[in-house]
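Participant: One structure, pasted below without further comment.
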Amino acid sequence: MDIKVTINGVKKVFNADPGEKLLDLLRREGYKGAKRGCSTGDCGSCAVIINGKLVNSCLIFAGQADGHTLTTIEAIGTVNEPHIIQRTFVEEGAVQCGFCTPGMILATKVLLDKEKDPTLTQIREALSGNLCRCTGYVKIENAVIRSADKMRSE
Amino acid sequence: MFKEVNQSRLKVDGLSLAAGKALFVDDMDFRELLIVKFMKSPHAHAEILSIDTSAAEAFSGVHAVIHHGNTPRIPHTTAGQGHPEPSPYDTYMFDKKVRYVGDPVAAVAADTAEIALEAIKLIKVEYKELEAVLSIADASKPGVPVIHDEEDSFGIYDREKNLAGHVDVKVGDVEKALADSEFTVEYEIETHYSQHTPIEPHICISYLEEKGRLVLRTSTQVPFHVRRICAKVLEMPEKNIRVVKPRIGGGFGTKQEVYLEYYAGMITKLTGRPAKIELTREEEFISRTRHPMAVKVKLGANVDGMLNAVEMDVISNTGAYGSHALTVMFNAGSKCLPLYGAENVRFNGSTVYTNLPVAGAYRGYGATQGYACLEQAMDILAEKLKMCPVQLRKINHIKKDETSPIFAALGEGKEGVPQFIKSTALSEIIEWGEEGLNWSDTKPHTEKTGRFRRGKGMAIFMQGSGIPLVDMASASIKINDDGSFNLNVGATDLGTGSDTVLSQIAAEALETTTDNIIIYSSDTDMTPFDVGAYASSTTYISGGAVKVTGEEVLKQIRMVAADMLKCSQEEIELKNSIATSKKDGKTKTYGDIAKYALYINNQFQIGYIGSHISPVSPPPFMGVFTEIEVDTWTGKIEIIKYMCGVDCGTAINPKLAEGQVEGAVVNGLSYALTEGYLFNKKGKMMNGSFQDYKIYNIEDVQGLEIKLFSTFEPSGPFGAKSVSEIGINGPIPAIANALYNAVGVRAVRFPMKPEYILELMEK
Amino acid sequence: MKVKKYFRPRDLNEFHRLSAENPDHKILAGGTYVAKMKFPKVDTIIDIQDLGLKGIKEENGDIHIGANVTFTDLIEAELSYCGGLVGQVSSHCGPITIRNIATIGGNVMAGYHWNDTTPLLLALEATLMFTSDSGVKAVPVSSFIANRSTYTGLLLTSIILPSKYKDTKPFYKRFARTRSDIPTSIFIVLNSEEGDHITVGSATVKPVRIMYSADDEFLINTLLPRLNEVKFMDDLRGKPEFKEKIVISQYREWKEK
């Protein structure tokens, strides 16, 4: 079946099996920033943004994404031109193994697009679907706070 | 002062990871890739009477089915340790017997995962079920079923008693000292199963490179051990295997196991096609786990609180196979007992087999389990002595220039090496915690009332830095035209930041900046040997190798600079990638020097491969002070404050070092409070998902206060010691002590979940 | 996953036609439950996202919630109804990544009580609106819980919360191992003209709604015996006795308030 989406600002048509998950489709099509950590929607490593909301692409059938707007980590910034959030995550030591990082950064992006000056509770809620086993979350929380500061003063 | 180390330089691979670009094992596409799935044992203990794979082999899309009947039978250990591994050789690619629920019976390689899983349903296996051993208590009872009764395994201490390993070490006369002591304590606990849960599960892709050699692209902490063990199991010369470690999504010890790679390699060998094995999250939970342990501690002290005797008895459960069976158990003693300076010490340890999931290396490595008991026993002793528990530790803990007979008596599955403490900030850490938690205001539990009761607890710890005289690391450095350097290391960055830390050490040694270092890790074809990332060794041992190598390269730079600047080598000053002649102030950049050496005169490649081993394993130290609140109606424990001070020598990269401690602490907190395995009566793990096995998310973390205390360890690179493991030891004993202070009950089983706390309070 | 067909009907007629033509189908709302099934034994998925069923609106004090409304929608709607209880409960329905896609209708119909919605709807005496080709059917949530299988195959279109709880100040307690875990016990008390109702729910069991009587022995004589109906399971969240203790603690907390 055809899946028509706007992904990272580009209109694309992908072919998918009826039972295929969005994560499998994305990785197959080269969007490798979405990672597979559990396949049950519990870890958030596969998170992508659909219509402005953070979702687990492992829990979504490709067919569900048809007609929608998707954003993956690949659209946020690059190594040479990183987004403020990406740079701040590195500066604050919020990246260890980096496997959860794309999901964490997308979660932060969704939050900061909506809330310029989020409270600690809002930050924690926004990142509650993303598990990290390396950092203990302390530096991740700092990175979100610092990103918000920097984005406000831009 | 330092210029590049002891600075929070940006993680060298940080932006690449943050951009989703850095390549993990699964981030490369392979044509004709086969997907490998395991058929797993439904029984905890059974003989395989027959296996019929014909229907599966005939199934469309299936390319290979492997099992005990068509694969080599090579006894080995999956513990990725140095050669020869101090773990029993009791594992086979496949065996005629299964020893835990989930033990691989066969593997199917097919075009898709769905086909492989369908084909597995077509395999007919006839089992003869055997009685299973499902607890430490049952493992060595008379008449117990023997789990490893096969004839060709070796290195098992006493197979009839299911004993994988055993040790009894005595210093002085503990029995007499205990009898003579005015105060004694005996305390016993049992720790629980838990899993590392790296967010990237184990994964390996094997393929043949253009010359027909086997490449294993794998999520491992130990690439060189993977090559050696796979060569053995696959009956191939090591020269025909290349192991590539790309970015790794966390390990914490579980990727120190070598057990997926040879299955993938076998499939590639048979089919010529690339093959991928990726564990599901459910499979990850029964891949490798932490050794549960029954730990008993006896303490004897005089009326002044000075310890006369410390005895520790440990029975460690290694599950169905003896991966790290001996060494994790040894470490419960060797990493805990030297902390206190008693003259009479005994360590009696056994490791038993059970028909439960296989244990392996896990951050903390036995010390976590040992301290869970020892540090509660110290609090019990303090209460008997009517002494403040902080004071009891202050007068007994090991101090600078002191030693412990345990260092020499207990090592990694054998004797250790003697050593003296040359750096420690433990005393300062204790004072910091005492003040920060207002320890002097602590009231006994008898004075507490109401539904919510607060309690304070503390505990102190040490770990090690690498395995002395065993762990070897090497590094190669060469200069490039522009004065930058390639640093190739076998050291394995699995997310820890070791690529960054080692780059900083190289930059410091080379009198250049970290951004001039291009690091590559790790690839058995490209990088020199390193034992790998375990035993808290990378900063200390691999860092030592990088420093030695950098210093040798610097000598060559100095020599060439002297030639160029027409002065003696002693007259050359090297700083910030520039050589200056003290004679006339003339300068040459590293770029000038590199080009001169490469193109102009007496040409040669400035470069060196250096190695490092250490005769000692200097311990990092830690003090934990915590305040908790117990809901006496529900039994739930909330962390109010968790202060954790760590002395890791010089923190090469303070931000990354803090991150190591924070990660270890939070992992330890959920290990102490929520993580645990639920087994059914047949030994099957029932909660193998993140929905049912709860690790903390960001909303569960509160009250952390982490502080690094700087010391200078003379044997370490620029004064560094290790940092990555110690943090995980804190939560169980510190919280258990706080629990006692809050409500007067002692936790001897874990996790300290509400249900259990209520049970204790009702007793 | 052996799904052979995937449909996204545009309207109810198309939906009814497709479900009649494909008897072996599974209705997909947010999908967070269906996608977790390792091998859904169905060959057709009917995705109902294009059927509308999205709005939240107030009519004569009643709240009408479309079946496709997500938990995030419910939180963002900031309903003042019943002291904001709907948003409060919704904020516990999984972490944000789940709430963004899981729908209230899907949660009710998934057949699992492992979320907070069923006790909430039972406490609020909600009405479930089902549709089939033979028309619309209004079902009290209590009847639905009592006889769930009667309604399989029907399409849940909306949920109506009655106006009687519009201004009620709720008492709501939830106990879970961690904040994002599914609940060990949920305890809701609502006041209406008949008096106080206590609703107790928990992971993997049916919730119960009990009329409170201001009797000193209510806990012993009424609440605890009625908890037998909840059939607390012995599972990883604890033994039945433990779960009962949690309910008692929640009850005590309410009483003390």
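In the structure tokens, the first chain shown is A, the next is B, and so on; residue numbers restart at 1 for each chain, and ligands run from 1 in the order shown.
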Using only C-alpha atoms, I'd like a table of the residues in range 49-136 of chain B that come within 10 Å of range 260-266 of chain B; for each, show the closest atom pair and its distance in Å rounded to one decimal, ordered by chain and ascending number, as a Markdown table.
Facilitator:
| residue | atom | partner | partner_atom | distance |
| --- | --- | --- | --- | --- |
| B:Ala64 | CA | B:Met266 | CA | 9.7 |
| B:Ile66 | CA | B:Met266 | CA | 8.4 |
| B:Thr71 | CA | B:Met266 | CA | 8.3 |
| B:Pro72 | CA | B:Met266 | CA | 9.7 |
| B:Thr78 | CA | B:Leu260 | CA | 9.4 |
| B:Met93 | CA | B:Tyr263 | CA | 7.3 |
| B:Phe94 | CA | B:Tyr263 | CA | 9.6 |
| B:Ala106 | CA | B:Tyr263 | CA | 9.9 |
| B:Ala107 | CA | B:Tyr263 | CA | 7.8 |
| B:Ala109 | CA | B:Ala264 | CA | 9.0 |
Participant: Can you list every residue of chain A that has an atom at most 9 Å from chain C, with its nearest atom pair and the distance in Å to one decimal, using only C-alpha atoms, ordered by chain then number, as a Markdown table?
Facilitator:
| residue | atom | partner | partner_atom | distance |
| --- | --- | --- | --- | --- |
| A:Met1 | CA | C:Tyr6 | CA | 8.4 |
| A:Asp17 | CA | C:Lys4 | CA | 7.9 |
| A:Pro18 | CA | C:Tyr6 | CA | 5.2 |
| A:Gly19 | CA | C:Val3 | CA | 4.8 |
| A:Glu20 | CA | C:Met1 | CA | 7.5 |
| A:Lys21 | CA | C:Ala35 | CA | 8.1 |
| A:Ser39 | CA | C:Lys36 | CA | 7.7 |
| A:Thr40 | CA | C:Lys36 | CA | 5.5 |
| A:Gly41 | CA | C:Ile98 | CA | 7.4 |
| A:Asp42 | CA | C:Pro95 | CA | 8.4 |
| A:Gly44 | CA | C:Thr97 | CA | 7.3 |
| A:Ala47 | CA | C:Thr97 | CA | 7.8 |
| A:Lys53 | CA | C:Asn100 | CA | 6.5 |
| A:Leu54 | CA | C:Thr97 | CA | 5.7 |
| A:Val55 | CA | C:Thr97 | CA | 4.7 |
| A:Asn56 | CA | C:Thr97 | CA | 6.1 |
| A:Cys58 | CA | C:Ala35 | CA | 7.9 |
| A:Leu59 | CA | C:Ala35 | CA | 5.2 |
| A:Ile60 | CA | C:Gly31 | CA | 6.3 |
| A:Phe61 | CA | C:Ala35 | CA | 7.3 |
| A:Gly63 | CA | C:Tyr6 | CA | 7.1 |
| A:Gln64 | CA | C:Asp47 | CA | 7.3 |
| A:Ala107 | CA | C:Thr97 | CA | 8.9 |
| A:Glu125 | CA | C:Ile96 | CA | 6.7 |
| A:Ala126 | CA | C:Ile96 | CA | 6.3 |
| A:Leu127 | CA | C:Ile96 | CA | 7.5 |
| A:Ser128 | CA | C:Pro95 | CA | 5.3 |
| A:Gly129 | CA | C:Pro95 | CA | 4.7 |
| A:Asn130 | CA | C:Thr97 | CA | 8.2 |
Participant: Fewer than 4 positions away in the same chain doesn't count, so skip those; otherwise give me all residues within 8 Å of Leu337 in chain B, counting only C-alpha atoms, as an NGL selection string.
Facilitator: :B and (310 or 333 or 345 or 406)
Participant: Include all heavy atoms and write out the residues we just selected as a PDB file, in the first residue's frame.
Facilitator:
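Generated output (part_25.pdb):
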ATOM      1  N   VAL B 310      36.309  -9.509  60.545  1.00  0.00           N
ATOM      2  CA  VAL B 310      35.258  -9.400  59.535  1.00  0.00           C
ATOM      3  C   VAL B 310      35.217 -10.721  58.780  1.00  0.00           C
ATOM      4  O   VAL B 310      36.247 -11.195  58.295  1.00  0.00           O
ATOM      5  CB  VAL B 310      35.528  -8.255  58.534  1.00  0.00           C
ATOM      6  CG1 VAL B 310      34.406  -8.181  57.502  1.00  0.00           C
ATOM      7  CG2 VAL B 310      35.694  -6.928  59.233  1.00  0.00           C
ATOM      8  N   GLY B 333      34.147 -10.103  47.911  1.00  0.00           N
ATOM      9  CA  GLY B 333      35.125  -9.998  48.993  1.00  0.00           C
ATOM     10  C   GLY B 333      36.201  -8.973  48.716  1.00  0.00           C
ATOM     11  O   GLY B 333      36.468  -8.081  49.521  1.00  0.00           O
ATOM     12  N   VAL B 345      40.424 -11.576  58.993  1.00  0.00           N
ATOM     13  CA  VAL B 345      39.429 -11.492  57.928  1.00  0.00           C
ATOM     14  C   VAL B 345      39.279 -12.862  57.286  1.00  0.00           C
ATOM     15  O   VAL B 345      40.255 -13.583  57.079  1.00  0.00           O
ATOM     16  CB  VAL B 345      39.852 -10.476  56.836  1.00  0.00           C
ATOM     17  CG1 VAL B 345      38.721 -10.248  55.851  1.00  0.00           C
ATOM     18  CG2 VAL B 345      40.272  -9.157  57.451  1.00  0.00           C
ATOM     19  N   ILE B 406      43.774  -8.259  52.400  1.00  0.00           N
ATOM     20  CA  ILE B 406      42.857  -8.809  51.391  1.00  0.00           C
ATOM     21  C   ILE B 406      43.333  -8.496  49.972  1.00  0.00           C
ATOM     22  O   ILE B 406      43.116  -9.278  49.044  1.00  0.00           O
ATOM     23  CB  ILE B 406      41.429  -8.269  51.635  1.00  0.00           C
ATOM     24  CG1 ILE B 406      40.866  -8.844  52.939  1.00  0.00           C
ATOM     25  CG2 ILE B 406      40.495  -8.591  50.486  1.00  0.00           C
ATOM     26  CD1 ILE B 406      40.717 -10.341  52.962  1.00  0.00           C
TER      27      ILE B 406
END
Participant: Using CA of Met685 in chain B and CA of Lys35 in chain A as the two end points, give the distance in Å to one decimal.
Facilitator: 25.6 Å
Participant: Among range 352-435 of chain B, which residues carry a DSSP assignment of strand (DSSP E or B), reported as a list in words?
Facilitator: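 So, restricting range 352-435 of chain B to strand (DSSP E or B), we get Val352, Tyr353, Ala359, Gly360, His397, Thr403 and Phe420 of chain B.
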Participant: Would you output that residue set with N, CA, C and O atoms, as a short mmCIF file (atom, residue, chain, number, x, y, z; two decimals), in the first residue's frame?
Facilitator:
data_model
loop_
_atom_site.label_atom_id
_atom_site.label_comp_id
_atom_site.auth_asym_id
_atom_site.auth_seq_id
_atom_site.Cartn_x
_atom_site.Cartn_y
_atom_site.Cartn_z
N VAL B 352 27.04 -21.16 42.76
CA VAL B 352 26.25 -22.35 42.42
C VAL B 352 25.57 -22.18 41.07
O VAL B 352 25.24 -21.06 40.65
N TYR B 353 25.37 -23.31 40.41
CA TYR B 353 24.53 -23.34 39.22
C TYR B 353 23.08 -23.50 39.65
O TYR B 353 22.78 -24.18 40.62
N ALA B 359 23.78 -15.51 34.70
CA ALA B 359 24.32 -14.25 35.20
C ALA B 359 25.62 -13.94 34.46
O ALA B 359 26.17 -14.78 33.76
N GLY B 360 26.08 -12.72 34.61
CA GLY B 360 27.33 -12.32 33.97
C GLY B 360 27.86 -11.09 34.64
O GLY B 360 27.53 -10.79 35.79
N HIS B 397 37.63 2.97 58.62
CA HIS B 397 37.88 2.86 57.17
C HIS B 397 39.35 3.04 56.82
O HIS B 397 40.09 3.70 57.52
N THR B 403 47.17 -0.34 54.08
CA THR B 403 46.92 -1.46 53.18
C THR B 403 45.97 -2.44 53.86
O THR B 403 45.59 -2.23 55.01
N PHE B 420 49.05 -0.37 48.56
CA PHE B 420 48.77 0.64 49.58
C PHE B 420 47.91 1.73 48.96
O PHE B 420 48.02 2.01 47.76
#
Participant: At what distance in Å, to one decimal, does CA of Gly93 in chain A lie from CA of Leu656 in chain B?
Facilitator: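 Distance between the two atoms: 6.1 Å.
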Participant: Enter the distance from CA of Val244 in chain B to CA of Ala320 in chain B, in Å, rounded to one decimal.
Facilitator: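 Separation of CA of Val244 in chain B and CA of Ala320 in chain B: 29.0 Å.
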Participant: Determine, counting only C-alpha atoms, which protein, DNA and RNA residues have an atom within 10 Å of an atom of Gly153 in chain C; residues of the same chain fewer than 5 positions away are not included. Present the result as a ChimeraX atom specification.
Facilitator: /C:19-20,23,25-27,130-132
Participant: Please identify all residues of chain A having at least one atom at most 8 Å from any atom of chain B, considering only C-alpha atoms, and return them as number ranges by chain.
Facilitator: A: 32-34, 36-39, 42-43, 45, 73-74, 76-79, 82, 86-87, 89-102, 105, 124-125, 127-139
Participant: Would you please work out which residue, of B:Ala747, B:Val243, B:Ala110, B:Cys204, is nearest to Pro223 in chain B when using only C-alpha atoms?
Facilitator: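 Checking each of B:Ala747, B:Val243, B:Ala110, B:Cys204 against Pro223 in chain B, counting only C-alpha atoms, the winner is B:Val243.
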Participant: Give as a ChimeraX atom specification every residue of chain C that touches chain B within 9 Å, counting only C-alpha atoms.
Facilitator: /C:1-2,175,177-182,235-239,242-243,245-246,248-250
Participant: Write a file of the selected residues as a tab-separated table (two decimals), in the first residue's frame, keeping N, CA, C and O atoms.
Facilitator:
chain	number	residue	atom	x	y	z
C	1	MET	N	4.14	-9.85	11.41
C	1	MET	CA	2.70	-9.66	11.59
C	1	MET	C	1.99	-9.99	10.28
C	1	MET	O	2.33	-9.46	9.24
C	2	LYS	N	1.03	-10.91	10.40
C	2	LYS	CA	0.43	-11.38	9.16
C	2	LYS	C	-0.85	-10.63	8.81
C	2	LYS	O	-1.91	-11.22	8.60
C	175	PHE	N	-2.21	4.45	43.11
C	175	PHE	CA	-0.96	3.89	43.62
C	175	PHE	C	-0.32	3.06	42.52
C	175	PHE	O	-0.97	2.20	41.91
C	177	ARG	N	3.84	1.51	41.07
C	177	ARG	CA	5.24	1.29	41.45
C	177	ARG	C	6.10	2.50	41.11
C	177	ARG	O	6.94	2.95	41.87
C	178	THR	N	5.90	3.02	39.89
C	178	THR	CA	6.58	4.25	39.49
C	178	THR	C	5.50	5.11	38.85
C	178	THR	O	4.39	4.66	38.62
C	179	ARG	N	5.83	6.36	38.55
C	179	ARG	CA	4.80	7.26	38.08
C	179	ARG	C	4.19	6.79	36.76
C	179	ARG	O	3.00	6.96	36.54
C	180	SER	N	5.00	6.18	35.91
C	180	SER	CA	4.48	5.80	34.60
C	180	SER	C	3.91	4.38	34.58
C	180	SER	O	3.44	3.91	33.57
C	181	ASP	N	4.00	3.69	35.72
C	181	ASP	CA	3.52	2.30	35.72
C	181	ASP	C	2.00	2.27	35.70
C	181	ASP	O	1.33	3.22	36.10
C	182	ILE	N	1.46	1.14	35.22
C	182	ILE	CA	0.02	0.99	35.28
C	182	ILE	C	-0.36	0.78	36.74
C	182	ILE	O	0.45	0.32	37.54
C	235	ASP	N	0.14	-10.95	41.17
C	235	ASP	CA	1.00	-10.71	40.02
C	235	ASP	C	2.20	-9.86	40.44
C	235	ASP	O	2.45	-9.68	41.63
C	236	LEU	N	2.91	-9.35	39.44
C	236	LEU	CA	4.14	-8.66	39.76
C	236	LEU	C	3.90	-7.36	40.51
C	236	LEU	O	4.81	-6.79	41.08
C	237	ARG	N	2.67	-6.89	40.51
C	237	ARG	CA	2.38	-5.68	41.27
C	237	ARG	C	1.97	-6.01	42.70
C	237	ARG	O	1.67	-5.12	43.48
C	238	GLY	N	1.95	-7.27	43.03
C	238	GLY	CA	1.72	-7.65	44.42
C	238	GLY	C	0.67	-8.72	44.58
C	238	GLY	O	-0.07	-9.05	43.65
C	239	LYS	N	0.60	-9.23	45.79
C	239	LYS	CA	-0.41	-10.23	46.12
C	239	LYS	C	-1.73	-9.52	46.40
C	239	LYS	O	-1.74	-8.34	46.76
C	242	PHE	N	-1.89	-7.50	49.53
C	242	PHE	CA	-1.19	-6.22	49.48
C	242	PHE	C	-2.06	-5.16	48.80
C	242	PHE	O	-2.21	-4.04	49.27
C	243	LYS	N	-2.67	-5.55	47.68
C	243	LYS	CA	-3.49	-4.59	46.95
C	243	LYS	C	-4.66	-4.13	47.82
C	243	LYS	O	-5.07	-2.97	47.77
C	245	LYS	N	-4.54	-3.85	51.01
C	245	LYS	CA	-3.98	-2.90	51.98
C	245	LYS	C	-3.85	-1.50	51.36
C	245	LYS	O	-4.03	-0.49	52.03
C	246	ILE	N	-3.51	-1.48	50.09
C	246	ILE	CA	-3.39	-0.19	49.42
C	246	ILE	C	-4.76	0.49	49.36
C	246	ILE	O	-4.90	1.68	49.63
C	248	ILE	N	-7.17	0.03	51.40
C	248	ILE	CA	-7.50	0.48	52.76
C	248	ILE	C	-6.80	1.81	53.05
C	248	ILE	O	-7.39	2.72	53.62
C	249	SER	N	-5.54	1.91	52.61
C	249	SER	CA	-4.81	3.17	52.86
C	249	SER	C	-5.48	4.33	52.13
C	249	SER	O	-5.58	5.44	52.64
C	250	GLN	N	-5.96	4.05	50.91
C	250	GLN	CA	-6.63	5.10	50.14
C	250	GLN	C	-7.96	5.48	50.79
C	250	GLN	O	-8.33	6.65	50.87
Participant: Identify, on the basis of only C-alpha atoms, every residue whose closest approach to Thr199 in chain C does not exceed 7 Å; exclude the query and any residue fewer than 4 positions from it along the same chain; express the result as a PyMOL selection string.
Facilitator: chain C and resi 119+123+187-189+207-210
Participant: Export C-alpha atoms of the chosen residues as a PDB file, in the first residue's frame?
Facilitator:
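What ended up in selection_6.pdb:
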ATOM      1  CA  PRO C 119     -12.709   3.010  36.829  1.00  0.00           C
ATOM      2  CA  ALA C 123     -17.259   6.307  38.798  1.00  0.00           C
ATOM      3  CA  PHE C 187      -9.582   4.885  44.278  1.00  0.00           C
ATOM      4  CA  ILE C 188     -12.168   7.481  43.316  1.00  0.00           C
ATOM      5  CA  VAL C 189     -14.902   8.935  45.538  1.00  0.00           C
ATOM      6  CA  PRO C 207     -13.448  -2.081  38.809  1.00  0.00           C
ATOM      7  CA  VAL C 208     -16.307  -1.915  41.330  1.00  0.00           C
ATOM      8  CA  ARG C 209     -18.478   0.967  42.419  1.00  0.00           C
ATOM      9  CA  ILE C 210     -19.745   0.916  45.954  1.00  0.00           C
TER      10      ILE C 210
END
Participant: List the spatial neighbours of Lys164 in chain C as number ranges by chain - criterion: any atom at most 9 Å away, only C-alpha atoms, same-chain residues fewer than 2 positions off excluded.
Facilitator: C: 61-62, 124, 161-162, 166-168, 192-193
Participant: Out of chain A, which residues get alpha helix (DSSP H) from DSSP, as an NGL selection string?
Facilitator: :A and (22-28 or 62-65 or 84-91 or 101-114 or 120-126 or 138-152)
